[in-house]
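S.K.: Next up, final-v1.cif (mmCIF, C-alpha atoms).
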data_protein
loop_
_atom_site.label_atom_id
_atom_site.label_comp_id
_atom_site.auth_asym_id
_atom_site.auth_seq_id
_atom_site.Cartn_x
_atom_site.Cartn_y
_atom_site.Cartn_z
CA MET A 1 174.24 -94.92 19.37
CA LYS A 2 172.95 -93.78 22.75
CA ASN A 3 176.12 -94.88 24.50
CA TYR A 4 178.25 -93.05 21.98
CA LEU A 5 176.31 -89.84 22.55
CA LEU A 6 176.47 -90.36 26.31
CA GLN A 7 180.23 -90.68 26.16
CA LEU A 8 180.58 -87.41 24.28
CA ALA A 9 178.15 -85.77 26.66
CA ASP A 10 179.81 -87.09 29.82
CA ASN A 11 183.22 -85.77 28.78
CA ALA A 12 181.73 -82.34 28.23
CA LEU A 13 179.63 -82.35 31.39
CA ILE A 14 182.36 -83.48 33.78
CA LEU A 15 185.03 -81.18 32.34
CA GLY A 16 182.50 -78.35 32.37
CA HIS A 17 181.79 -79.07 36.02
CA ARG A 18 185.49 -79.06 36.86
CA LEU A 19 186.01 -75.72 35.12
CA GLY A 20 182.97 -74.36 36.90
CA GLU A 21 184.74 -75.05 40.18
CA TRP A 22 187.08 -72.18 39.30
CA CYS A 23 184.18 -69.74 39.41
CA GLY A 24 185.11 -67.13 42.01
CA HIS A 25 188.57 -68.66 42.52
CA ALA A 26 190.49 -67.99 39.29
CA PRO A 27 193.79 -66.08 39.51
CA GLU A 28 192.32 -63.04 37.74
CA MET A 29 188.78 -61.79 37.24
CA GLU A 30 189.23 -62.02 33.48
CA LEU A 31 190.23 -65.68 33.76
CA ASP A 32 187.31 -66.38 36.02
CA ILE A 33 185.01 -65.33 33.20
CA ALA A 34 187.07 -67.11 30.54
CA LEU A 35 187.02 -70.45 32.37
CA THR A 36 183.35 -70.32 33.26
CA ASN A 37 182.59 -69.30 29.69
CA ILE A 38 184.27 -72.48 28.46
CA ALA A 39 182.46 -74.41 31.20
CA LEU A 40 179.15 -73.07 29.90
CA ASP A 41 180.04 -74.01 26.31
CA LEU A 42 180.81 -77.55 27.43
CA THR A 43 177.69 -77.82 29.57
CA GLY A 44 175.66 -76.60 26.61
CA GLN A 45 177.14 -79.30 24.40
CA ALA A 46 176.39 -81.91 27.05
CA ARG A 47 172.79 -80.73 27.30
CA SER A 48 172.21 -81.03 23.54
CA LEU A 49 173.59 -84.55 23.60
CA TYR A 50 171.56 -85.66 26.64
CA GLN A 51 168.42 -84.21 25.09
CA ARG A 52 169.14 -86.16 21.94
CA VAL A 53 169.62 -89.38 23.91
CA ALA A 54 166.30 -88.81 25.69
CA GLU A 55 164.67 -88.24 22.33
CA LEU A 56 166.13 -91.47 20.93
CA GLU A 57 165.08 -93.34 24.06
CA GLY A 58 161.48 -92.31 23.46
CA ILE A 59 158.71 -93.37 25.78
CA GLY A 60 159.64 -96.24 28.08
CA PRO A 61 157.55 -99.31 28.96
CA ASP A 62 156.19 -97.48 32.00
CA GLY A 63 154.82 -94.73 29.77
CA THR A 64 157.25 -92.03 30.87
CA SER A 65 160.05 -90.44 28.89
CA LYS A 66 163.47 -89.39 30.12
CA THR A 67 164.88 -85.89 30.26
CA GLU A 68 168.43 -84.56 30.08
CA ASP A 69 168.44 -84.33 33.88
CA ASP A 70 167.99 -88.09 34.25
CA TYR A 71 171.36 -88.63 32.61
CA ALA A 72 173.21 -85.87 34.42
CA TYR A 73 171.75 -86.28 37.89
CA LEU A 74 170.43 -89.78 38.28
CA ARG A 75 173.20 -92.04 37.04
CA ASP A 76 175.93 -93.42 39.27
CA ALA A 77 179.67 -93.26 38.59
CA TRP A 78 179.95 -96.57 36.70
CA GLU A 79 177.26 -95.43 34.26
CA PHE A 80 179.29 -92.38 33.27
CA ARG A 81 181.49 -92.92 30.22
CA ASN A 82 183.77 -89.90 30.40
CA THR A 83 187.51 -90.33 30.11
CA LEU A 84 189.68 -90.30 33.23
CA LEU A 85 191.38 -87.07 32.17
CA VAL A 86 188.35 -84.81 32.53
CA GLU A 87 187.55 -85.95 36.08
CA GLN A 88 191.05 -85.15 37.37
CA PRO A 89 191.04 -82.36 39.97
CA ASN A 90 191.75 -78.78 38.94
CA GLY A 91 194.99 -78.69 40.93
CA ASP A 92 196.76 -75.40 40.37
CA PHE A 93 196.15 -73.27 37.30
CA ALA A 94 198.91 -75.12 35.42
CA HIS A 95 197.11 -78.44 35.94
CA THR A 96 193.86 -76.96 34.69
CA ILE A 97 195.52 -75.57 31.56
CA VAL A 98 197.40 -78.79 30.76
CA ARG A 99 194.26 -80.89 31.29
CA GLN A 100 192.32 -78.48 29.09
CA PHE A 101 194.95 -78.47 26.37
CA ILE A 102 195.15 -82.27 26.20
CA PHE A 103 191.37 -82.51 26.01
CA ASP A 104 190.93 -79.62 23.57
CA THR A 105 193.45 -81.06 21.11
CA TYR A 106 191.63 -84.40 21.07
CA ASN A 107 188.23 -82.71 21.08
CA TYR A 108 189.07 -80.45 18.15
CA TYR A 109 190.20 -83.19 15.77
CA MET A 110 187.48 -85.54 16.99
CA CYS A 111 184.78 -82.93 16.46
CA ARG A 112 186.15 -81.97 13.06
CA ALA A 113 185.96 -85.60 11.95
CA LEU A 114 182.52 -85.89 13.50
CA THR A 115 181.16 -83.27 11.11
CA GLN A 116 181.44 -86.03 8.47
CA SER A 117 179.29 -88.44 10.48
CA LYS A 118 176.64 -90.37 8.58
CA ASP A 119 174.25 -89.48 11.37
CA GLU A 120 172.71 -86.19 10.34
CA TRP A 121 171.95 -84.96 13.84
CA LEU A 122 175.45 -85.77 15.08
CA ALA A 123 177.09 -84.09 12.09
CA GLY A 124 174.99 -81.00 12.73
CA PHE A 125 175.91 -81.02 16.40
CA ALA A 126 179.60 -81.26 15.44
CA VAL A 127 179.42 -78.33 13.02
CA LYS A 128 177.89 -76.14 15.72
CA SER A 129 180.27 -77.26 18.49
CA LEU A 130 183.40 -77.05 16.37
CA LYS A 131 183.30 -73.26 16.52
CA GLU A 132 183.34 -73.30 20.32
CA ILE A 133 185.97 -76.01 20.45
CA THR A 134 188.21 -74.18 17.98
CA TYR A 135 188.24 -71.22 20.34
CA GLN A 136 188.87 -73.46 23.35
CA LEU A 137 191.90 -75.01 21.68
CA ARG A 138 193.23 -71.58 20.82
CA PHE A 139 192.75 -70.41 24.42
CA SER A 140 194.50 -73.38 26.03
CA SER A 141 197.29 -73.53 23.40
CA GLU A 142 198.17 -69.93 24.09
CA TRP A 143 198.20 -70.44 27.82
CA MET A 144 200.43 -73.50 27.37
CA GLN A 145 203.00 -71.31 25.63
CA ARG A 146 202.57 -68.34 27.93
CA LEU A 147 203.20 -70.40 31.05
CA GLY A 148 205.45 -73.14 29.66
CA ASP A 149 207.74 -70.61 28.08
CA GLY A 150 207.16 -67.99 30.77
CA THR A 151 209.11 -67.68 34.00
CA GLU A 152 211.16 -70.36 35.72
CA VAL A 153 208.36 -70.92 38.22
CA SER A 154 205.58 -71.13 35.63
CA HIS A 155 207.66 -73.49 33.51
CA ALA A 156 208.31 -75.80 36.47
CA LYS A 157 204.62 -75.87 37.38
CA MET A 158 203.59 -76.65 33.81
CA GLN A 159 206.18 -79.40 33.43
CA ALA A 160 205.02 -80.95 36.70
CA ALA A 161 201.40 -80.84 35.51
CA ILE A 162 202.32 -82.52 32.22
CA GLU A 163 204.13 -85.29 34.01
CA GLU A 164 201.17 -85.89 36.29
CA LEU A 165 198.45 -85.76 33.66
CA TRP A 166 200.17 -87.34 30.65
CA THR A 167 199.17 -90.83 31.76
CA TYR A 168 195.53 -89.86 31.05
CA SER A 169 196.19 -88.53 27.53
CA GLY A 170 196.27 -91.90 25.78
CA GLU A 171 192.72 -92.94 26.63
CA LEU A 172 191.25 -90.14 24.52
CA THR A 173 192.56 -91.57 21.25
CA THR A 174 192.35 -95.27 22.21
CA PRO A 175 189.01 -96.59 20.99
CA ASN A 176 186.97 -99.00 23.11
CA GLU A 177 184.72 -101.65 21.56
CA MET A 178 181.73 -99.36 21.32
CA GLU A 179 183.74 -96.63 19.58
CA LYS A 180 185.19 -99.13 17.11
CA GLU A 181 181.72 -100.30 16.24
CA MET A 182 180.42 -96.75 15.78
CA ALA A 183 183.42 -95.86 13.63
CA SER A 184 182.88 -98.90 11.41
CA LYS A 185 179.33 -97.75 10.78
CA GLY A 186 180.59 -94.32 9.72
CA ILE A 187 178.67 -92.67 12.57
CA GLY A 188 181.44 -92.31 15.11
CA VAL A 189 184.98 -91.04 14.64
CA ASP A 190 187.79 -93.47 13.85
CA LEU A 191 190.16 -92.50 16.64
CA THR A 192 193.12 -94.23 15.04
CA ASN A 193 192.73 -91.77 12.16
CA ILE A 194 192.76 -88.63 14.25
CA LYS A 195 195.50 -89.85 16.61
CA ARG A 196 198.18 -88.74 14.15
CA GLU A 197 196.80 -85.22 13.90
CA VAL A 198 196.37 -85.01 17.67
CA ASP A 199 199.96 -86.14 18.22
CA ILE A 200 201.35 -83.65 15.70
CA LYS A 201 199.46 -80.75 17.27
CA MET A 202 200.53 -81.80 20.79
CA THR A 203 204.17 -82.04 19.75
CA GLU A 204 204.01 -78.67 18.02
CA ILE A 205 202.51 -76.83 20.99
CA LEU A 206 204.68 -78.61 23.56
CA ALA A 207 207.78 -77.60 21.60
CA ALA A 208 206.57 -74.00 21.34
CA SER A 209 205.89 -74.09 25.08
CA ASN A 210 209.35 -75.40 25.91
CA LEU A 211 207.74 -78.41 27.60
CA THR A 212 208.49 -82.11 27.23
CA ALA A 213 206.05 -84.97 27.37
CA PRO A 214 207.28 -87.92 29.43
CA ALA A 215 208.56 -90.73 27.20
CA ASP A 216 207.03 -94.22 27.37
CA THR A 217 204.31 -93.43 29.88
CA TRP A 218 201.93 -96.20 30.77
CA MET A 219 198.51 -94.94 29.73
CA GLN A 220 195.58 -95.24 32.11
CA THR A 221 192.29 -96.33 30.59
CA GLY A 222 188.89 -97.43 31.85
CA GLY A 223 186.81 -94.26 32.14
CA LYS A 224 185.08 -94.92 28.83
CA ASP A 225 183.86 -98.24 30.21
CA GLY A 226 182.74 -96.81 33.53
CA LYS A 227 185.87 -97.61 35.56
CA HIS A 228 186.63 -94.25 37.11
CA SER A 229 189.17 -92.80 39.48
CA GLU A 230 188.18 -92.04 43.07
CA HIS A 231 187.50 -88.42 42.08
CA MET A 232 184.38 -89.30 40.13
CA GLY A 233 182.27 -90.08 43.20
CA PHE A 234 183.12 -86.72 44.76
CA ILE A 235 182.17 -84.86 41.59
CA LEU A 236 178.82 -86.62 41.43
CA ALA A 237 178.22 -86.11 45.14
CA GLU A 238 178.44 -82.39 44.64
CA MET A 239 176.77 -82.23 41.25
CA GLN A 240 173.88 -84.53 42.06
CA PHE A 241 173.26 -83.66 45.72
CA LEU A 242 170.20 -81.53 45.15
CA GLN A 243 168.37 -83.98 42.89
CA ARG A 244 169.25 -86.90 45.13
CA ALA A 245 168.19 -85.17 48.35
CA TYR A 246 165.11 -83.49 46.89
CA PRO A 247 164.01 -85.58 43.89
CA GLY A 248 162.33 -83.57 41.16
CA GLN A 249 163.19 -80.26 42.83
CA GLU A 250 163.20 -77.26 40.50
CA TRP A 251 164.35 -73.69 40.88
CA MET B 1 199.75 -53.91 43.47
CA LYS B 2 202.88 -53.68 41.36
CA ASN B 3 202.32 -57.18 39.97
CA GLU B 4 199.01 -56.29 38.45
CA TRP B 5 198.63 -57.07 34.75
CA PRO B 6 198.68 -54.12 32.35
CA LEU B 7 195.40 -52.41 31.52
CA TRP B 8 193.93 -52.57 28.01
CA GLU B 9 191.15 -50.51 26.42
CA ILE B 10 188.60 -52.44 24.41
CA PHE B 11 186.81 -51.30 21.27
CA ILE B 12 184.00 -53.20 19.58
CA ARG B 13 182.48 -52.87 16.14
CA SER B 14 178.88 -53.85 16.75
CA LYS B 15 178.13 -54.57 13.10
CA SER B 16 179.75 -54.20 9.72
CA GLY B 17 179.75 -50.63 8.51
CA LEU B 18 179.77 -49.06 11.97
CA SER B 19 182.93 -47.86 13.64
CA HIS B 20 184.59 -49.39 16.69
CA LYS B 21 183.36 -47.96 19.98
CA HIS B 22 185.09 -47.95 23.33
CA VAL B 23 183.29 -50.32 25.69
CA GLY B 24 185.57 -50.62 28.70
CA SER B 25 188.88 -51.94 29.89
CA LEU B 26 190.42 -55.12 31.29
CA HIS B 27 193.70 -56.63 32.44
CA ALA B 28 195.90 -58.91 30.31
CA THR B 29 199.59 -59.73 30.00
CA ASP B 30 199.72 -59.50 26.21
CA ALA B 31 197.67 -58.46 23.20
CA GLU B 32 196.44 -61.97 22.38
CA MET B 33 195.22 -62.46 25.93
CA ALA B 34 193.59 -59.05 25.84
CA LEU B 35 191.66 -60.07 22.71
CA GLU B 36 190.53 -63.31 24.30
CA ASN B 37 189.55 -61.67 27.56
CA ALA B 38 187.68 -59.02 25.59
CA ARG B 39 185.87 -61.71 23.65
CA ASP B 40 184.78 -63.36 26.90
CA LEU B 41 183.96 -60.19 28.82
CA TYR B 42 182.40 -57.97 26.18
CA THR B 43 181.01 -60.12 23.36
CA ARG B 44 179.15 -62.84 25.29
CA ARG B 45 175.78 -61.47 24.26
CA ASN B 46 176.40 -61.01 20.59
CA GLU B 47 177.69 -57.46 20.95
CA GLY B 48 180.14 -57.39 18.12
CA VAL B 49 181.77 -58.56 14.92
CA SER B 50 185.25 -57.12 15.47
CA LEU B 51 187.50 -56.23 18.39
CA TRP B 52 190.35 -53.81 18.89
CA VAL B 53 192.53 -53.84 21.96
CA VAL B 54 194.97 -51.06 22.83
CA GLU B 55 197.16 -50.98 25.88
CA SER B 56 195.91 -48.06 27.95
CA LYS B 57 199.35 -46.49 28.30
CA HIS B 58 199.37 -45.82 24.55
CA ILE B 59 196.35 -43.57 24.79
CA THR B 60 196.99 -39.86 25.14
CA ALA B 61 194.08 -38.06 26.72
CA SER B 62 193.21 -34.40 26.64
CA ASP B 63 193.64 -32.52 29.89
CA PRO B 64 190.29 -31.66 31.54
CA ASN B 65 191.79 -28.28 32.48
CA ASP B 66 192.09 -27.53 28.78
CA SER B 67 188.44 -28.16 28.01
CA ASP B 68 187.58 -24.50 27.68
CA PRO B 69 190.14 -23.64 25.00
CA LEU B 70 189.61 -27.02 23.32
CA PHE B 71 185.85 -27.36 23.24
CA GLU B 72 184.18 -24.11 24.21
CA PRO B 73 184.78 -22.36 20.85
CA ALA B 74 182.69 -24.98 19.01
CA LYS B 75 179.62 -24.38 21.14
CA ASP B 76 178.25 -21.28 19.41
CA LYS B 77 178.93 -22.36 15.84
CA ILE B 78 175.67 -24.06 15.02
CA TYR B 79 176.29 -23.59 11.30
CA ARG B 80 178.78 -26.45 11.56
CA HIS B 81 175.92 -28.86 12.11
CA PRO B 82 174.30 -30.14 8.93
CA THR B 83 170.87 -29.40 10.35
CA PHE B 84 169.81 -26.91 7.70
CA TYR B 85 169.28 -29.51 5.00
CA ASN B 86 166.12 -31.44 4.26
CA VAL B 87 166.90 -35.15 4.38
CA PRO B 88 164.98 -37.18 1.80
CA ASP B 89 162.91 -39.99 3.34
CA GLU B 90 164.80 -42.67 1.38
CA VAL B 91 168.05 -41.82 3.15
CA THR B 92 168.58 -44.11 6.11
CA HIS B 93 171.18 -44.17 8.90
CA MET B 94 171.22 -40.39 9.39
#
Represent the structure contained in this file as structure tokens.

M.R.:
Amino acid sequence: MKNYLLQLADNALILGHRLGEWCGHAPEMELDIALTNIALDLTGQARSLYQRVAELEGIGPDGTSKTEDDYAYLRDAWEFRNTLLVEQPNGDFAHTIVRQFIFDTYNYYMCRALTQSKDEWLAGFAVKSLKEITYQLRFSSEWMQRLGDGTEVSHAKMQAAIEELWTYSGELTTPNEMEKEMASKGIGVDLTNIKREVDIKMTEILAASNLTAPADTWMQTGGKDGKHSEHMGFILAEMQFLQRAYPGQEW
Amino acid sequence: MKNEWPLWEIFIRSKSGLSHKHVGSLHATDAEMALENARDLYTRRNEGVSLWVVESKHITASDPNDSDPLFEPAKDKIYRHPTFYNVPDEVTHM
């Protein structure tokens, strides 16, 4: 259970961190706010999940209990269970939008299925998050079409981003052992079930965006089991610096 | 700055029953984007239940030089204000 929650949380935290990197750098002031707004939604979801894990963990043998910060700031890369997609660099705005769209499509159908979880807390979390995620999918779907079907330059940039990031799209809907177990208990989402819906939505938006997904791409996996790309260490170095250099520091 | 995105005026209904009020403006390339930007810029703190966006160029404004002929004549006609009625205590939202 804890690992399942951590995986959901890590996806949200790392993608939220990546989007936060746009703060002050987005192409337009309005987009700056939009991207950081989504980043805050994701960070908020991650916080709820980490707090829940700490609650489930209870008081350890040494008499202390964990907090959300222990999971965000004091784990190393191999202990993070996020998918490879969310740790990929922002690249240009096209890369950020494509990465967001691929994740949002998965996240929407996953979260919708999660509202039916047998775990009451998790189902409640999903109901609350689904509203945010529905908006996120709408935001990225529209940008896909705006840029994919926009000018020659924007189309070329979007197509290039799709070709680069597509290899990370498969991991989202490919269950690992832990996910299979959680799905069989009716707590987690059966990813094979939502894969069809995810694929249909992707195809629909890609067609509307005048973009083509590469055929027969070899799909990268491993993030869910802690095998990350080289980017992960850099993200953690920045995100965790303060707590590592000044343990327990508050502000 | 000829590549700047068009300007849009944003109106928010703060709760059901009230009318939309102008709250500010923002840049967007199309109406959908204007709605989304407005949602992110102006409704982050629970400010509204409905949004209108209008591209600024569609708004016709009165000329400040005309303010005397337009607005001055209303100033001395206090009988147009419904201030000479007694409002019963049970009536709210007045």

S.K.: Kindly extract all protein, DNA and RNA residues lying within 12 Å of the coordinates (190.3, -49.7, 16.4) given in the file, considering all atoms listed in the file, and supply them as a VMD selection string.

M.R.: chain B and resid 9 to 13 18 to 23 50 to 55

S.K.: Residues picked by the PyMOL selection byres ((chain A and resi 37) around 10) here, as a list in words?

M.R.: Gly16, Leu19, Gly20, Cys23, Leu31, Asp32, Ile33, Ala34, Leu35, Thr36, Ile38, Ala39, Leu40, Asp41, Leu42, Thr43 and Gln136 of chain A; Asp40, Leu41 and Arg44 of chain B

S.K.: Near Trp218 of chain A, counting only C-alpha atoms, which residues have an atom at most 10 Å away, once you skip same-chain residues fewer than 4 positions from it, shown as number ranges by chain?

M.R.: A: 166-168, 170, 214

S.K.: In Å, with one decimal, what is the gap from atom CA of Asn210 of chain A to atom CA of Phe101 of chain A?

M.R.: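 Here the two named atoms are 14.7 Å from each other.
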
S.K.: Pull out every residue of chain B that has at least one atom within 9 Å of chain A, counting only C-alpha atoms, and report them as a list in words.

M.R.: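 Contact residues on the first chain: Leu26, His27, Ala28, Glu32, Met33, Glu36, Asn37, Ala38, Arg39, Asp40, Leu41 and Arg44 of chain B.
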
S.K.: Once the PyMOL selection byres ((chain A and resi 228) around 12) is applied to the coordinates I shared, what remains selected? I want it as a ChimeraX atom specification.

M.R.: /A:76-88,168,220-227,229-236

S.K.: Just the selected residues (C-alpha atoms), exported as a PDB file, keeping the file's coordinate frame, please.

M.R.:
ATOM      1  CA  ASP A  76     175.930 -93.420  39.270  1.00  0.00           C
ATOM      2  CA  ALA A  77     179.670 -93.260  38.590  1.00  0.00           C
ATOM      3  CA  TRP A  78     179.950 -96.570  36.700  1.00  0.00           C
ATOM      4  CA  GLU A  79     177.260 -95.430  34.260  1.00  0.00           C
ATOM      5  CA  PHE A  80     179.290 -92.380  33.270  1.00  0.00           C
ATOM      6  CA  ARG A  81     181.490 -92.920  30.220  1.00  0.00           C
ATOM      7  CA  ASN A  82     183.770 -89.900  30.400  1.00  0.00           C
ATOM      8  CA  THR A  83     187.510 -90.330  30.110  1.00  0.00           C
ATOM      9  CA  LEU A  84     189.680 -90.300  33.230  1.00  0.00           C
ATOM     10  CA  LEU A  85     191.380 -87.070  32.170  1.00  0.00           C
ATOM     11  CA  VAL A  86     188.350 -84.810  32.530  1.00  0.00           C
ATOM     12  CA  GLU A  87     187.550 -85.950  36.080  1.00  0.00           C
ATOM     13  CA  GLN A  88     191.050 -85.150  37.370  1.00  0.00           C
ATOM     14  CA  TYR A 168     195.530 -89.860  31.050  1.00  0.00           C
ATOM     15  CA  GLN A 220     195.580 -95.240  32.110  1.00  0.00           C
ATOM     16  CA  THR A 221     192.290 -96.330  30.590  1.00  0.00           C
ATOM     17  CA  GLY A 222     188.890 -97.430  31.850  1.00  0.00           C
ATOM     18  CA  GLY A 223     186.810 -94.260  32.140  1.00  0.00           C
ATOM     19  CA  LYS A 224     185.080 -94.920  28.830  1.00  0.00           C
ATOM     20  CA  ASP A 225     183.860 -98.240  30.210  1.00  0.00           C
ATOM     21  CA  GLY A 226     182.740 -96.810  33.530  1.00  0.00           C
ATOM     22  CA  LYS A 227     185.870 -97.610  35.560  1.00  0.00           C
ATOM     23  CA  SER A 229     189.170 -92.800  39.480  1.00  0.00           C
ATOM     24  CA  GLU A 230     188.180 -92.040  43.070  1.00  0.00           C
ATOM     25  CA  HIS A 231     187.500 -88.420  42.080  1.00  0.00           C
ATOM     26  CA  MET A 232     184.380 -89.300  40.130  1.00  0.00           C
ATOM     27  CA  GLY A 233     182.270 -90.080  43.200  1.00  0.00           C
ATOM     28  CA  PHE A 234     183.120 -86.720  44.760  1.00  0.00           C
ATOM     29  CA  ILE A 235     182.170 -84.860  41.590  1.00  0.00           C
ATOM     30  CA  LEU A 236     178.820 -86.620  41.430  1.00  0.00           C
TER      31      LEU A 236
END

S.K.: So, with only C-alpha atoms as the atoms that count, which of A:Met1, A:Val198, A:Leu6, A:Ile14 lies closest to Glu181 of chain A?

M.R.: A:Met1

S.K.: Report, in Å with one decimal, the straight-line distance from atom CA of Trp121 of chain A to atom CA of Ala46 of chain A.

M.R.: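 For atom CA of Trp121 of chain A relative to atom CA of Ala46 of chain A, the distance reads 14.3 Å.
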
S.K.: Using only C-alpha atoms, find the one residue out of A:Leu13, A:Thr217, A:His25, A:Pro247 that sits nearest to Asn90 of chain A.

M.R.: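 Ranking A:Leu13, A:Thr217, A:His25, A:Pro247 by distance to Asn90 of chain A, first place goes to A:His25.
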
S.K.: Neighbours of Met158 of chain A within 7 Å (all atoms listed in the file; same-chain residues fewer than 6 positions away dropped), as a ChimeraX atom specification?

M.R.: /A:94,147-148

S.K.: As an exercise, work out the distance from atom CA of Gln7 of chain A to atom CA of Ala237 of chain A in Å and give it to one decimal place.

M.R.: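 Here the two named atoms are 19.6 Å from each other.
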
S.K.: What's around Thr173 of chain A at 10 Å? Count only C-alpha atoms, leave out sequence neighbours fewer than 6 positions away in its own chain, and write the answer as a list of chain:residue names.

M.R.: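 These residues fall inside the cut-off: A:Tyr106, A:Asn107, A:Met110, A:Asp190, A:Leu191, A:Thr192, A:Asn193, A:Ile194, A:Lys195, A:Arg196, A:Val198, A:Asp199.
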
S.K.: When you count all atoms listed in the file, which of these residues is closest to Ser25 of chain B: B:Glu47, B:Phe84, B:Ser56, B:Glu4?

M.R.: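 Result for the nearest residue to Ser25 of chain B: B:Ser56.
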
S.K.: Return the padded bounding box of segment 34-47 of chain B as AutoDock Vina command-line options: axis-aligned, built from all atoms listed in the file, 8 Å added on each side, with centre and edge lengths in Å to one decimal.

M.R.:
--center_x 184.7 --center_y -60.4 --center_z 24.7 --size_x 33.8 --size_y 21.9 --size_z 24.2

S.K.: Quick one: segment 179-193 of chain A with N, CA, C and O atoms, as a PDB file, in the first residue's frame?

M.R.:
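And here's part.pdb as it stands now:
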ATOM      1  N   GLU A 179       2.018  -2.890  -8.828  1.00  0.00           N
ATOM      2  CA  GLU A 179       0.740  -2.374  -9.333  1.00  0.00           C
ATOM      3  C   GLU A 179      -0.237  -3.512  -9.634  1.00  0.00           C
ATOM      4  O   GLU A 179      -1.442  -3.387  -9.409  1.00  0.00           O
ATOM      5  N   LYS A 180       0.308  -4.608 -10.169  1.00  0.00           N
ATOM      6  CA  LYS A 180      -0.571  -5.756 -10.458  1.00  0.00           C
ATOM      7  C   LYS A 180      -1.205  -6.270  -9.177  1.00  0.00           C
ATOM      8  O   LYS A 180      -2.397  -6.580  -9.126  1.00  0.00           O
ATOM      9  N   GLU A 181      -0.379  -6.338  -8.133  1.00  0.00           N
ATOM     10  CA  GLU A 181      -0.882  -6.841  -6.861  1.00  0.00           C
ATOM     11  C   GLU A 181      -1.969  -5.908  -6.304  1.00  0.00           C
ATOM     12  O   GLU A 181      -3.024  -6.364  -5.850  1.00  0.00           O
ATOM     13  N   MET A 182      -1.694  -4.600  -6.366  1.00  0.00           N
ATOM     14  CA  MET A 182      -2.668  -3.638  -5.834  1.00  0.00           C
ATOM     15  C   MET A 182      -3.967  -3.652  -6.645  1.00  0.00           C
ATOM     16  O   MET A 182      -5.051  -3.484  -6.090  1.00  0.00           O
ATOM     17  N   ALA A 183      -3.837  -3.870  -7.955  1.00  0.00           N
ATOM     18  CA  ALA A 183      -5.036  -3.936  -8.797  1.00  0.00           C
ATOM     19  C   ALA A 183      -5.853  -5.172  -8.452  1.00  0.00           C
ATOM     20  O   ALA A 183      -7.085  -5.120  -8.379  1.00  0.00           O
ATOM     21  N   SER A 184      -5.159  -6.291  -8.197  1.00  0.00           N
ATOM     22  CA  SER A 184      -5.887  -7.533  -7.906  1.00  0.00           C
ATOM     23  C   SER A 184      -6.639  -7.432  -6.586  1.00  0.00           C
ATOM     24  O   SER A 184      -7.649  -8.088  -6.379  1.00  0.00           O
ATOM     25  N   LYS A 185      -6.171  -6.581  -5.703  1.00  0.00           N
ATOM     26  CA  LYS A 185      -6.870  -6.391  -4.428  1.00  0.00           C
ATOM     27  C   LYS A 185      -8.015  -5.388  -4.554  1.00  0.00           C
ATOM     28  O   LYS A 185      -8.729  -5.116  -3.582  1.00  0.00           O
ATOM     29  N   GLY A 186      -8.127  -4.769  -5.736  1.00  0.00           N
ATOM     30  CA  GLY A 186      -9.195  -3.772  -5.913  1.00  0.00           C
ATOM     31  C   GLY A 186      -8.853  -2.423  -5.309  1.00  0.00           C
ATOM     32  O   GLY A 186      -9.691  -1.527  -5.229  1.00  0.00           O
ATOM     33  N   ILE A 187      -7.607  -2.269  -4.870  1.00  0.00           N
ATOM     34  CA  ILE A 187      -7.195  -0.985  -4.275  1.00  0.00           C
ATOM     35  C   ILE A 187      -6.585  -0.088  -5.345  1.00  0.00           C
ATOM     36  O   ILE A 187      -6.926   1.075  -5.479  1.00  0.00           O
ATOM     37  N   GLY A 188      -5.680  -0.668  -6.120  1.00  0.00           N
ATOM     38  CA  GLY A 188      -5.027   0.082  -7.184  1.00  0.00           C
ATOM     39  C   GLY A 188      -5.794  -0.038  -8.492  1.00  0.00           C
ATOM     40  O   GLY A 188      -6.760  -0.795  -8.603  1.00  0.00           O
ATOM     41  N   VAL A 189      -5.338   0.712  -9.486  1.00  0.00           N
ATOM     42  CA  VAL A 189      -5.998   0.728 -10.787  1.00  0.00           C
ATOM     43  C   VAL A 189      -5.401  -0.362 -11.683  1.00  0.00           C
ATOM     44  O   VAL A 189      -4.188  -0.540 -11.719  1.00  0.00           O
ATOM     45  N   ASP A 190      -6.285  -1.086 -12.370  1.00  0.00           N
ATOM     46  CA  ASP A 190      -5.818  -2.066 -13.346  1.00  0.00           C
ATOM     47  C   ASP A 190      -5.432  -1.318 -14.623  1.00  0.00           C
ATOM     48  O   ASP A 190      -6.285  -0.887 -15.394  1.00  0.00           O
ATOM     49  N   LEU A 191      -4.128  -1.160 -14.809  1.00  0.00           N
ATOM     50  CA  LEU A 191      -3.652  -0.315 -15.915  1.00  0.00           C
ATOM     51  C   LEU A 191      -4.007  -0.884 -17.280  1.00  0.00           C
ATOM     52  O   LEU A 191      -4.175  -0.142 -18.251  1.00  0.00           O
ATOM     53  N   THR A 192      -4.131  -2.219 -17.353  1.00  0.00           N
ATOM     54  CA  THR A 192      -4.491  -2.800 -18.652  1.00  0.00           C
ATOM     55  C   THR A 192      -5.907  -2.366 -19.049  1.00  0.00           C
ATOM     56  O   THR A 192      -6.217  -2.259 -20.223  1.00  0.00           O
ATOM     57  N   ASN A 193      -6.733  -2.093 -18.039  1.00  0.00           N
ATOM     58  CA  ASN A 193      -8.095  -1.620 -18.324  1.00  0.00           C
ATOM     59  C   ASN A 193      -8.125  -0.200 -18.880  1.00  0.00           C
ATOM     60  O   ASN A 193      -8.904   0.107 -19.771  1.00  0.00           O
TER      61      ASN A 193
END
